[in-house]
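*Asks:* Just dropping this structure here.
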Amino acid sequence: MRYFLQRGGWFALTLWAAITLNFLLPRMMPGSPADAAIAKLSQNGPVTEETRRAVEAQLGVPDGSLIQQYVDYLRQILSLDFGVSYAFYPEPVSGLVAQALPYTLVLVGLVTIASFVIGTLLGVLAAWRRGTWMDALPTVGGSFLTTFPYFWTSLLLLFFLGYVAHLFPTFGAFSATTQPGLDWGTVVDAVYHAALPATTMLITSLGGWVLGMRNAMITTLGEDHVTFAEANGIPGRTVALKYAARNAILPNLTGFGMALGGVVGGSILVEQVFGYPGIGFLLFNAVTGQDYPLMQAIFLMITVSVLVANLLVDILYGILDPRTRR
Amino acid sequence: MTGTETTTGPRDTPGGEAPLLSVRDLSVVYEPVGATPTRAVKDVSFDVGRGEFLGLVGESGSGKSTLGFAITALARPPARIEGGRILFGDVDIASMDHEQLRTQRQGGFAMVLQAGMNTLNPVRTIRQHFGDIFAAHRHVAPARREARAAELVRRVSLGPEVLDRYPFELSGGMRQRVTIALALSLEPQLMVFDEPTTALDVLVQHAVMDTIRALQAEEGFTAILISHDLGVVLESAHRVLVMREGRIVEDAPSADILHRPQHEYTRMLLSHFADPRAEHVSLPGIEAPEPAADGPDGPDAPAADGPDGPDAPAADGPDAPAADAAAADAPAADGPGRRRPGAGLELRVEGVTKSFAPPRRRAAGVLAVDDVSFTLAPGGATALVGQSGSGKSTLAKMITGVEKPTAGTIHLGSTSIGPLRGRALRELRRTVQMVFQDPYSALNPLSTVEYTLTRALANLTDLRGPALRRRMLELLETVGLTPVEQYAAKLPHQLSGGQRQRVVIARALAADPQVIIADEPVSMLDVSLRAGVLALLRDLRERTGMSLLYITHDLLSARLITDDILVLHEGRVVEQGPTAQVMRHPRDEYTIRLLEAIPDPARVHGA
């Protein structure tokens, strides 16, 4: 219990630090979006004080003391008000993010979880049957596929399965004719559109989990408590799962936490190549369109979700490894 | 058991009863991928009768553990049984399939592994460990399992509350007891103990061995005790097998091994075993090099004739015992050790106390060292003796300036060590050097001996270029690693444990230290190598005039190389005085217990 409270406390502290840094850093940087806009305007002639104020008001340049700004900032965060997007004016940032988030969560989230589960299971199998084809196939195959770059795999799949064979759509999350809703047809259509990006991510991320789990478990299998369990006649399946895999999964879990935290950031490359309207796609547009409020909101969201994922892993670790509870 | 009555079994034991275990011409080979195979066990044959307590003794690399794993059918690749038979009762264990082997582990043969952190699964409670075994064999009805587990831990002198604990919440001795209880839960006919007490403290070791002996007498199982410690084995076993380089060189009742050893190797092992309480104590390595063919690990005594070029061809292989004894006894003033003119600073420890902050609020702080005072004269040798947790290592850390005392002062000559910072502390490191316990981890496996020593010299002295290299070779010669050029080019894994420890000592000597703190420098080494390293330490002290603070739990080695002794118990000095006197006439109750925990085969088998 003590351990969990401690973890929770640390989480709150880091979260506050991250939010505050997100507030302070842009204010410590020289220049502002308003300055940039005014500098651009001034190339066409002198800028009047009135124009300057208008630009600043439009871009929401803050006034008041730093503390006042900080309080306002915190209040806005709590009410999820991140201002208005520049690139998609006058859409509010929160609305844009809310639209994109489900796509990313479902696509990248499910793929990350599936990749971890499948990869870890294959790793366990490979370690337990090491030296056989059940070891060689996932290990060699996995590392082979992992060496392909994301975009190359996705372009390859797009070209052959989408463009040449017409088996899968090449763009978007839905057919142009489908009205998003919660009926069966929509789900089928969504899955159909997600198939190629999901496959791309699965192919490129699976190998890492396989290798990580296999190597950790082979180390564990060499430990004395496994030999002792065998000496006590404990059946192979119990030894493999409760004595080897159970202990070896702990380091892999940390990696999983990191990966989960990164889910919210989406997968910029994959979403870009497949024109998938997730957070990665949005972030890319925000950067190219110099959309500061949108960028800041997405960055904050990524930071927070990495922290939350780490907290979850910490808690899980506490449950799985009694040694950390002390 | 799926035993079939056969008459073609092995020869009967003297009692006329068929032996429980019969090993015939057993060979085990290690076949690592991409390396040359080595035969660890060579044509070994022996019988073990029912209810017998057999000892299996040998040094590291003798194949004793490999043999233990083979007879419990736990040999795994790269180890492979190359030939011979292992008959358990009437069944050749090679003929059993995987599942037969697994099921017979209940009521068959069990193995207790070397006491370490890892014999138990760190993420399962002790109760779950018992539960897994009961579930695997179903030999205890589910309703009775809890009571049976509690009974088993009671048999090894533990309370039922340990069942709720995780392994990391238990001490090393308790973990080993749990391991024994788990093996016992299988109700085995044969129990193999592989170094069951090696990593444990002397007193705990003694208590665990008592438990094993008592259990064996009560339960009547057959026991095989594998150990490198001849004393422990002789004290417990009825019969002893002495193993060397994969072969059994002697097989005789314990009393015969002790009083009438036949094989030269057995005699050598026995000669390294002495009682520190005796009036006169000597080991072969201290006064004469051991006859073992360990080459440079025997003291080569380059001291008498001084530095005569780095490639002294004479110093190849062990010298004649007599010549070496003379060399070790004569303090050579101009040997390569270079006695520093006017060397010798007194180390004075006065009322030193160290307490550590409590791990959490409301918990009590730890008083690691409590009001310790002693003086180490220039050229003197003092032993710090005590169990782990007695504060001896903390004391060493304070003397090297790594830890600051909470109270009291430590002076080296006129310098107070406590307040030293930065440059002055570096200066101190030149004067006070440490030799660590584990020569395997004290050296960087990727650096040659030359690089290791050169780095130390470059860090601690002003020597550069050819002078630096000359000094490096000189150091190797000082520690008896000749021919020096050859040893300079070697990597740690190409050296034996004793040779590695010599490199570690050479590194410590790099800056001509005044004080050497040796923390258990021989506890990881085989007995036949220990004497050589001990002799080197004593010899260096005599030649260079440095003083030695020797930290150990091994009273015999303390008796051999130190003049004075401090017995530490829970941070306090419980006894202090000349080493020989304290060992011969101990006054404190704790010292007496330490001395009594030393295995004493003579007590069992008569003087």
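Chain labels run A, B, ... following the order of the structure tokens; each chain numbers its residues from 1, and ligands are numbered from 1 in the order shown.
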Would you kindly return, as number ranges by chain, each protein, DNA or RNA residue with an atom no farther than 9 Å from any atom of Gly386 of chain B, considering only C-alpha atoms and excluding same-chain residues fewer than 6 positions away?
*Replies:* B: 392, 551-554, 566-570, 591, 594
*Asks:* If you take only C-alpha atoms and a cut-off of 12 Å, which residues of chain A touch chain B, and what are their nearest atom pairs and distances in Å to one decimal, in chain and number order, as a tab-separated table?
*Replies:*
residue	atom	partner	partner_atom	distance
A:Arg2	CA	B:Arg360	CA	11.4
A:Arg130	CA	B:Pro77	CA	11.8
A:Gly131	CA	B:Pro77	CA	11.4
A:Thr220	CA	B:Asn121	CA	10.2
A:Leu221	CA	B:Asn121	CA	11.3
A:Gly222	CA	B:Arg76	CA	10.1
A:Glu223	CA	B:Asn118	CA	6.7
A:Asp224	CA	B:Thr119	CA	4.9
A:His225	CA	B:Thr119	CA	4.2
A:Val226	CA	B:Asn121	CA	7.7
A:Thr227	CA	B:Leu74	CA	7.6
A:Phe228	CA	B:Thr119	CA	6.3
A:Ala229	CA	B:Ile133	CA	8.3
A:Glu230	CA	B:Arg102	CA	7.8
A:Ala231	CA	B:Met111	CA	6.2
A:Asn232	CA	B:Arg105	CA	6.1
A:Gly233	CA	B:Arg102	CA	4.6
A:Ile234	CA	B:Ala136	CA	5.3
A:Pro235	CA	B:Ala136	CA	6.3
A:Gly236	CA	B:Arg102	CA	9.2
A:Arg237	CA	B:Ala136	CA	10.7
A:Thr238	CA	B:Asp132	CA	8.3
A:Val239	CA	B:Asp132	CA	9.5
A:Lys242	CA	B:Arg124	CA	8.7
A:Tyr243	CA	B:Asn121	CA	6.5
A:Ala244	CA	B:Asn121	CA	9.0
A:Ala245	CA	B:Val123	CA	11.4
A:Arg246	CA	B:Val123	CA	8.3
A:Asn247	CA	B:Val123	CA	7.1
A:Ala248	CA	B:Val123	CA	10.9
A:Ile249	CA	B:Val123	CA	11.9
A:Leu250	CA	B:Val123	CA	10.7
A:Tyr317	CA	B:Val123	CA	11.1
A:Gly318	CA	B:Val123	CA	10.9
A:Ile319	CA	B:Val123	CA	10.0
A:Leu320	CA	B:Val123	CA	7.4
A:Asp321	CA	B:Val123	CA	5.8
A:Pro322	CA	B:Val123	CA	6.1
A:Arg323	CA	B:Phe168	CA	7.2
A:Thr324	CA	B:Val123	CA	10.4
A:Arg325	CA	B:Val123	CA	11.4
A:Arg326	CA	B:Glu169	CA	9.8
*Asks:* Please produce a file of those selected residues containing C-alpha atoms, as a compact mmCIF listing (two decimals), in the first residue's frame.
*Replies:*
# COMPACT_ATOMS: atom_id res chain seq x y z
CA ARG A 2 2.82 2.30 1.01
CA ARG A 130 15.15 -23.03 -27.90
CA GLY A 131 17.23 -24.55 -30.63
CA THR A 220 15.87 -16.81 -16.31
CA LEU A 221 15.86 -20.45 -17.42
CA GLY A 222 19.54 -20.62 -16.52
CA GLU A 223 18.89 -19.50 -12.96
CA ASP A 224 19.09 -21.83 -10.02
CA HIS A 225 15.46 -21.61 -9.01
CA VAL A 226 14.44 -23.08 -12.37
CA THR A 227 16.89 -25.97 -11.96
CA PHE A 228 15.64 -26.47 -8.43
CA ALA A 229 12.03 -26.53 -9.64
CA GLU A 230 12.98 -29.20 -12.17
CA ALA A 231 14.83 -31.12 -9.47
CA ASN A 232 11.60 -31.08 -7.49
CA GLY A 233 9.71 -32.62 -10.37
CA ILE A 234 7.52 -29.63 -11.10
CA PRO A 235 5.88 -30.14 -14.52
CA GLY A 236 7.42 -28.42 -17.50
CA ARG A 237 4.47 -26.15 -18.21
CA THR A 238 4.44 -24.83 -14.64
CA VAL A 239 8.18 -24.25 -14.73
CA LYS A 242 5.35 -19.64 -13.30
CA TYR A 243 9.10 -19.94 -12.79
CA ALA A 244 10.59 -18.59 -16.01
CA ALA A 245 8.15 -16.48 -18.05
CA ARG A 246 6.58 -14.89 -14.98
CA ASN A 247 9.96 -13.54 -13.88
CA ALA A 248 11.32 -12.74 -17.33
CA ILE A 249 8.36 -10.61 -18.37
CA LEU A 250 9.17 -7.85 -15.88
CA TYR A 317 5.27 -3.99 -11.31
CA GLY A 318 4.36 -3.63 -7.67
CA ILE A 319 1.75 -6.33 -8.04
CA LEU A 320 3.94 -8.68 -10.07
CA ASP A 321 7.26 -8.24 -8.26
CA PRO A 322 7.04 -8.37 -4.47
CA ARG A 323 10.60 -7.07 -4.18
CA THR A 324 9.66 -3.58 -5.39
CA ARG A 325 6.97 -3.20 -2.77
CA ARG A 326 9.52 -2.75 -0.04
*Asks:* Do you know which residues are at most 8 Å from segment 242-249 of chain B counting only C-alpha atoms, after dropping those on the same chain fewer than 3 positions away, and could you put them as a PyMOL selection string?
*Replies:* chain B and resi 39-44+56-59+61-64+263+265-266
*Asks:* List the neighbours of segment 521-527 of chain B out to 7 Å using only C-alpha atoms; skip same-chain residues closer than 4 positions along the sequence, and give me the result as an NGL selection string.
*Replies:* :B and (59-60 or 272 or 435-438 or 497-498)
*Asks:* Output C-alpha atoms for every residue in the selection just made, as an mmCIF file, in the first residue's frame.
*Replies:*
data_model
loop_
_atom_site.group_PDB
_atom_site.id
_atom_site.type_symbol
_atom_site.label_atom_id
_atom_site.label_comp_id
_atom_site.auth_asym_id
_atom_site.auth_seq_id
_atom_site.Cartn_x
_atom_site.Cartn_y
_atom_site.Cartn_z
ATOM 1 C CA GLU B 59 38.461 -28.268 -5.614
ATOM 2 C CA SER B 60 36.788 -26.107 -8.227
ATOM 3 C CA HIS B 272 45.815 -27.193 4.021
ATOM 4 C CA VAL B 435 42.459 -5.872 -2.114
ATOM 5 C CA PHE B 436 38.957 -7.169 -2.735
ATOM 6 C CA GLN B 437 37.318 -10.487 -2.143
ATOM 7 C CA ASP B 438 36.384 -11.440 -5.650
ATOM 8 C CA GLY B 497 41.780 -17.417 -9.501
ATOM 9 C CA GLY B 498 45.011 -17.270 -7.532
#
*Asks:* Could you find all residues in segment 348-551 of chain B that DSSP calls strand (DSSP E) from the backbone, and write them as a ChimeraX atom specification?
*Replies:* /B:348-356,366-376,381-385,407-412,415-416,432-435,515-519,547-551
*Asks:* For C-alpha atoms, I'd like the residues from the last selection saved as a CSV table (one decimal), in the first residue's frame.
*Replies:*
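Just written: result-v9.csv:
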chain,number,residue,atom,x,y,z
B,348,ARG,CA,45.2,4.9,14.8
B,349,VAL,CA,41.5,4.3,15.1
B,350,GLU,CA,40.0,5.9,18.1
B,351,GLY,CA,36.4,5.5,19.4
B,352,VAL,CA,35.0,5.2,15.9
B,353,THR,CA,31.3,4.9,15.6
B,354,LYS,CA,29.2,4.8,12.4
B,355,SER,CA,25.4,4.8,12.4
B,356,PHE,CA,23.2,4.8,9.4
B,366,VAL,CA,21.6,1.0,12.3
B,367,LEU,CA,24.6,1.2,14.4
B,368,ALA,CA,27.1,-0.5,12.1
B,369,VAL,CA,30.3,0.3,14.1
B,370,ASP,CA,30.1,1.1,17.8
B,371,ASP,CA,33.1,2.7,19.5
B,372,VAL,CA,36.0,0.8,18.0
B,373,SER,CA,39.6,1.6,18.8
B,374,PHE,CA,42.8,0.0,17.7
B,375,THR,CA,46.2,0.8,16.5
B,376,LEU,CA,48.0,-0.8,13.5
B,381,ALA,CA,49.2,-7.0,10.7
B,382,THR,CA,45.8,-6.9,12.3
B,383,ALA,CA,42.9,-9.2,11.6
B,384,LEU,CA,39.3,-7.9,11.7
B,385,VAL,CA,37.1,-11.0,12.3
B,407,ALA,CA,32.0,9.9,15.9
B,408,GLY,CA,35.6,9.2,16.7
B,409,THR,CA,38.8,9.8,14.7
B,410,ILE,CA,41.0,7.8,12.4
B,411,HIS,CA,44.6,9.0,12.0
B,412,LEU,CA,47.2,7.8,9.6
B,415,THR,CA,46.8,13.0,9.2
B,416,SER,CA,43.2,12.7,10.2
B,432,VAL,CA,45.9,3.1,1.7
B,433,GLN,CA,45.0,0.5,-0.9
B,434,MET,CA,42.4,-2.3,-0.9
B,435,VAL,CA,42.5,-5.9,-2.1
B,515,VAL,CA,48.6,0.2,4.5
B,516,ILE,CA,46.9,-2.6,2.6
B,517,ILE,CA,43.4,-3.5,3.5
B,518,ALA,CA,42.6,-7.0,2.3
B,519,ASP,CA,38.9,-7.9,2.4
B,547,SER,CA,51.1,-2.8,7.3
B,548,LEU,CA,48.1,-5.1,6.7
B,549,LEU,CA,44.6,-4.9,7.8
B,550,TYR,CA,43.1,-8.3,7.1
B,551,ILE,CA,39.3,-8.6,7.1
*Asks:* So how far away is atom CA of Thr132 of chain A from atom CA of Ile93 of chain B, in Å?
*Replies:* 25.2 Å
*Asks:* Which segment 229-294 of chain A residues have any atom within 9 Å of an atom of segment 155-171 of chain A, and for each, what is the nearest pair of atoms with distance in Å to one decimal, counting only C-alpha atoms, rows sorted by chain and number, as a Markdown table?
*Replies:*
| residue | atom | partner | partner_atom | distance |
| --- | --- | --- | --- | --- |
| A:Val273 | CA | A:Leu155 | CA | 7.5 |
| A:Phe274 | CA | A:Phe171 | CA | 5.2 |
| A:Gly275 | CA | A:Phe171 | CA | 5.3 |
| A:Tyr276 | CA | A:Phe171 | CA | 6.9 |
